[in-house]
$ cat my_file22.pdb   # PDB, C-alpha atoms
ATOM      1  CA  MET A 190    -164.008 144.776  42.467
ATOM      2  CA  ILE A 191    -160.799 143.424  44.005
ATOM      3  CA  ASP A 192    -159.461 144.692  47.332
ATOM      4  CA  ILE A 193    -155.699 145.202  47.250
ATOM      5  CA  ALA A 194    -153.782 144.570  50.487
ATOM      6  CA  LEU A 195    -150.260 143.748  51.620
ATOM      7  CA  VAL A 196    -149.689 140.016  51.179
ATOM      8  CA  GLU A 197    -150.211 137.952  54.321
ATOM      9  CA  GLU A 198    -146.674 136.514  54.096
ATOM     10  CA  ALA A 199    -145.262 139.988  54.849
ATOM     11  CA  TRP A 200    -146.962 139.898  58.268
ATOM     12  CA  LYS A 201    -145.379 136.568  59.270
ATOM     13  CA  ASP A 202    -143.649 136.836  62.674
ATOM     14  CA  VAL A 203    -144.985 140.404  63.163
ATOM     15  CA  ASP A 204    -146.652 141.152  66.494
ATOM     16  CA  VAL A 205    -150.433 141.451  66.409
ATOM     17  CA  GLY A 206    -151.395 145.120  66.497
ATOM     18  CA  THR A 207    -148.310 146.276  64.570
ATOM     19  CA  GLU A 208    -149.169 148.646  61.753
ATOM     20  CA  ALA A 209    -147.396 149.238  58.433
ATOM     21  CA  LEU A 210    -146.702 152.599  56.764
ATOM     22  CA  LEU A 211    -147.767 153.356  53.214
ATOM     23  CA  ASP A 212    -144.532 154.944  51.982
ATOM     24  CA  ALA A 213    -145.427 155.757  48.364
ATOM     25  CA  TRP A 214    -148.085 155.244  45.733
ATOM     26  CA  LYS A 215    -146.766 154.439  42.243
ATOM     27  CA  VAL A 216    -150.229 154.848  40.663
ATOM     28  CA  GLN A 217    -153.233 157.134  40.944
ATOM     29  CA  GLU A 218    -156.974 156.537  40.874
ATOM     30  CA  GLY A 219    -158.074 155.861  37.303
ATOM     31  CA  ASP A 220    -154.725 154.413  36.207
ATOM     32  CA  GLN A 221    -154.721 151.286  34.037
ATOM     33  CA  VAL A 222    -152.429 148.633  35.565
ATOM     34  CA  LYS A 223    -151.090 145.221  34.597
ATOM     35  CA  GLN A 224    -150.962 142.120  36.794
ATOM     36  CA  GLY A 225    -147.728 142.136  38.814
ATOM     37  CA  GLN A 226    -147.190 145.894  38.416
ATOM     38  CA  THR A 227    -146.027 147.681  41.575
ATOM     39  CA  LEU A 228    -148.845 149.860  42.896
ATOM     40  CA  ALA A 229    -147.383 150.993  46.204
ATOM     41  CA  VAL A 230    -144.402 150.644  48.520
ATOM     42  CA  VAL A 231    -145.033 149.987  52.194
ATOM     43  CA  VAL A 232    -142.764 149.700  55.214
ATOM     44  CA  LEU A 233    -143.375 147.081  57.874
ATOM     45  CA  VAL A 234    -140.913 146.725  60.768
ATOM     46  CA  LYS A 235    -138.120 148.540  58.871
ATOM     47  CA  THR A 236    -138.590 146.384  55.751
ATOM     48  CA  SER A 237    -139.965 147.689  52.450
ATOM     49  CA  PHE A 238    -142.475 145.661  50.465
ATOM     50  CA  ASP A 239    -143.987 146.264  47.034
ATOM     51  CA  VAL A 240    -147.747 145.915  46.763
ATOM     52  CA  VAL A 241    -148.523 144.578  43.287
ATOM     53  CA  ALA A 242    -151.640 144.370  41.170
ATOM     54  CA  PRO A 243    -153.297 140.950  41.464
ATOM     55  CA  ALA A 244    -154.840 141.338  37.984
ATOM     56  CA  ASP A 245    -155.051 143.682  35.003
ATOM     57  CA  GLY A 246    -157.489 146.510  35.597
ATOM     58  CA  ILE A 247    -158.124 150.082  36.668
ATOM     59  CA  VAL A 248    -157.338 151.525  40.101
ATOM     60  CA  GLU A 249    -160.852 152.521  41.177
ATOM     61  CA  GLN A 250    -160.153 153.897  44.647
ATOM     62  CA  ILE A 251    -157.151 154.499  46.912
ATOM     63  CA  LEU A 252    -158.207 153.797  50.498
ATOM     64  CA  VAL A 253    -154.984 154.526  52.439
ATOM     65  CA  ALA A 254    -153.133 157.778  51.797
ATOM     66  CA  LYS A 255    -149.365 158.122  51.489
ATOM     67  CA  GLU A 256    -147.709 158.285  54.929
ATOM     68  CA  ASP A 257    -150.773 156.794  56.664
ATOM     69  CA  THR A 258    -150.546 153.539  58.607
ATOM     70  CA  PHE A 259    -152.691 150.462  58.131
ATOM     71  CA  LYS A 260    -153.405 147.148  59.842
ATOM     72  CA  ARG A 261    -153.000 143.535  58.761
ATOM     73  CA  GLY A 262    -155.596 142.629  56.127
ATOM     74  CA  GLN A 263    -156.753 146.227  55.632
ATOM     75  CA  PRO A 264    -157.477 147.054  51.960
ATOM     76  CA  LEU A 265    -155.178 149.728  50.539
ATOM     77  CA  ALA A 266    -157.016 150.239  47.253
ATOM     78  CA  ARG A 267    -159.712 148.752  45.031
ATOM     79  CA  LEU A 268    -159.115 147.451  41.539
ATOM     80  CA  LYS A 269    -161.720 147.010  38.837
ATOM     81  CA  ALA A 270    -160.472 143.986  36.929
ATOM     82  CA  SER A 271    -160.571 144.165  33.138
ATOM     83  CA  GLY A 272    -161.527 141.345  30.868
TER      84      GLY A 272
END

$ encode --input "my_file22.pdb" --output "structure tokens"
Amino acid sequence: MIDIALVEEAWKDVDVGTEALLDAWKVQEGDQVKQGQTLAVVVLVKTSFDVVAPADGIVEQILVAKEDTFKRGQPLARLKASG
């Protein structure tokens, strides 16, 4: 199982304690995804970022709902890698 989170580089120069907003999910639980595919769009300090699949697999569980906020390093979803 792979935890999916916003890449650490997106948090560079962001104050500790700042949260991001999960703006939209592009997939649902059970969806088959390919490495590099956009899974979600998040907003952090007025900037949008795509969260992409780190590997091919199936979205096992979505952990942060659309329009909820999350902290640095917090998993947004879990991916069951295929292969």

$ residues_around --input "my_file22.pdb" --residues "region 214-219 of chain A" --least-positions-apart "6" --cutoff "6 Å" --atoms "all atoms listed in the file" --output "count of residues only"
6

$ resolve_selection --input "my_file22.pdb" --expression "the PyMOL selection byres ((chain A and resi 202-208) around 8)" --output "PyMOL selection string"
chain A and resi 200-201+209-210+233-234+258-261

$ atom_distance --input "my_file22.pdb" --atom1 "CA of Thr236 (chain A)" --atom2 "CA of Lys223 (chain A)"
24.6 Å

$ residues_around --input "my_file22.pdb" --residues "Leu211 (chain A)" --least-positions-apart "2" --cutoff "6 Å" --atoms "all atoms listed in the file" --output "ChimeraX atom specification"
/A:213,231,255-257

$ closest_residue --input "my_file22.pdb" --among "A:Glu197, A:Gln221, A:Lys235, A:Ala266" --to "Ile251 (chain A)" --atoms "all atoms listed in the file"
A:Ala266

$ closest_residue --input "my_file22.pdb" --among "A:Glu198, A:Asp245, A:Asp192, A:Asp212" --to "Gln226 (chain A)" --atoms "all atoms listed in the file"
A:Asp245

$ atom_distance --input "my_file22.pdb" --atom1 "CA of Ile193 (chain A)" --atom2 "CA of Gln263 (chain A)"
8.5 Å

$ atom_distance --input "my_file22.pdb" --atom1 "CA of Leu252 (chain A)" --atom2 "CA of Ile191 (chain A)"
12.5 Å

$ closest_residue --input "my_file22.pdb" --among "A:Val196, A:Ala254, A:Ala242, A:Met190" --to "Val222 (chain A)" --atoms "all atoms listed in the file"
A:Ala242

$ closest_residue --input "my_file22.pdb" --among "A:Ser271, A:Pro243, A:Pro264, A:Ser237" --to "Gly225 (chain A)" --atoms "only C-alpha atoms"
A:Pro243

$ closest_residue --input "my_file22.pdb" --among "A:Gln224, A:Ala199, A:Gly246, A:Val240" --to "Leu265 (chain A)" --atoms "only C-alpha atoms"
A:Val240

$ axis_aligned_box --input "my_file22.pdb" --around "region 223-242 of chain A" --padding-each-side "4 Å" --output "AutoDock Vina command-line options"
--center_x -144.9 --center_y 146.6 --center_z 47.7 --size_x 21.5 --size_y 16.9 --size_z 34.2

$ build_atoms --input "my_file22.pdb" --residues "region 234-255 of chain A" --atoms "N, CA and C atoms" --output "mmCIF file, in the frame of the given file"
data_model
loop_
_atom_site.group_PDB
_atom_site.id
_atom_site.type_symbol
_atom_site.label_atom_id
_atom_site.label_comp_id
_atom_site.auth_asym_id
_atom_site.auth_seq_id
_atom_site.Cartn_x
_atom_site.Cartn_y
_atom_site.Cartn_z
ATOM 1 N N VAL A 234 -142.032 147.068 59.887
ATOM 2 C CA VAL A 234 -140.913 146.725 60.768
ATOM 3 C C VAL A 234 -139.581 146.919 60.023
ATOM 4 N N LYS A 235 -139.366 148.121 59.524
ATOM 5 C CA LYS A 235 -138.120 148.540 58.871
ATOM 6 C C LYS A 235 -137.797 147.783 57.585
ATOM 7 N N THR A 236 -138.781 147.099 57.012
ATOM 8 C CA THR A 236 -138.590 146.384 55.751
ATOM 9 C C THR A 236 -139.584 146.917 54.731
ATOM 10 N N SER A 237 -139.092 147.206 53.522
ATOM 11 C CA SER A 237 -139.965 147.689 52.450
ATOM 12 C C SER A 237 -140.534 146.520 51.660
ATOM 13 N N PHE A 238 -141.791 146.659 51.289
ATOM 14 C CA PHE A 238 -142.475 145.661 50.465
ATOM 15 C C PHE A 238 -143.193 146.380 49.336
ATOM 16 N N ASP A 239 -143.181 145.772 48.144
ATOM 17 C CA ASP A 239 -143.987 146.264 47.034
ATOM 18 C C ASP A 239 -145.363 145.624 47.117
ATOM 19 N N VAL A 240 -146.386 146.429 46.887
ATOM 20 C CA VAL A 240 -147.747 145.915 46.763
ATOM 21 C C VAL A 240 -148.031 145.899 45.269
ATOM 22 N N VAL A 241 -148.355 144.715 44.735
ATOM 23 C CA VAL A 241 -148.523 144.578 43.287
ATOM 24 C C VAL A 241 -149.974 144.294 42.921
ATOM 25 N N ALA A 242 -150.293 144.609 41.681
ATOM 26 C CA ALA A 242 -151.640 144.370 41.170
ATOM 27 C C ALA A 242 -151.879 142.873 41.023
ATOM 28 N N PRO A 243 -152.996 142.374 41.577
ATOM 29 C CA PRO A 243 -153.297 140.950 41.464
ATOM 30 C C PRO A 243 -153.863 140.569 40.090
ATOM 31 N N ALA A 244 -154.248 141.578 39.301
ATOM 32 C CA ALA A 244 -154.840 141.338 37.984
ATOM 33 C C ALA A 244 -154.721 142.616 37.153
ATOM 34 N N ASP A 245 -154.947 142.496 35.845
ATOM 35 C CA ASP A 245 -155.051 143.682 35.003
ATOM 36 C C ASP A 245 -156.325 144.427 35.379
ATOM 37 N N GLY A 246 -156.280 145.756 35.312
ATOM 38 C CA GLY A 246 -157.489 146.510 35.597
ATOM 39 C C GLY A 246 -157.229 147.984 35.782
ATOM 40 N N ILE A 247 -158.185 148.641 36.409
ATOM 41 C CA ILE A 247 -158.124 150.082 36.668
ATOM 42 C C ILE A 247 -158.199 150.309 38.172
ATOM 43 N N VAL A 248 -157.315 151.161 38.680
ATOM 44 C CA VAL A 248 -157.338 151.525 40.101
ATOM 45 C C VAL A 248 -158.580 152.395 40.314
ATOM 46 N N GLU A 249 -159.581 151.824 40.966
ATOM 47 C CA GLU A 249 -160.852 152.521 41.177
ATOM 48 C C GLU A 249 -160.779 153.502 42.342
ATOM 49 N N GLN A 250 -160.138 153.070 43.439
ATOM 50 C CA GLN A 250 -160.153 153.897 44.647
ATOM 51 C C GLN A 250 -158.922 153.599 45.487
ATOM 52 N N ILE A 251 -158.251 154.637 45.955
ATOM 53 C CA ILE A 251 -157.151 154.499 46.912
ATOM 54 C C ILE A 251 -157.746 154.735 48.293
ATOM 55 N N LEU A 252 -157.559 153.764 49.181
ATOM 56 C CA LEU A 252 -158.207 153.797 50.498
ATOM 57 C C LEU A 252 -157.281 154.244 51.620
ATOM 58 N N VAL A 253 -155.960 154.124 51.423
ATOM 59 C CA VAL A 253 -154.984 154.526 52.439
ATOM 60 C C VAL A 253 -154.038 155.529 51.783
ATOM 61 N N ALA A 254 -153.963 156.715 52.360
ATOM 62 C CA ALA A 254 -153.133 157.778 51.797
ATOM 63 C C ALA A 254 -151.647 157.552 52.090
ATOM 64 N N LYS A 255 -150.814 158.148 51.262
ATOM 65 C CA LYS A 255 -149.365 158.122 51.489
ATOM 66 C C LYS A 255 -149.074 158.648 52.887
#
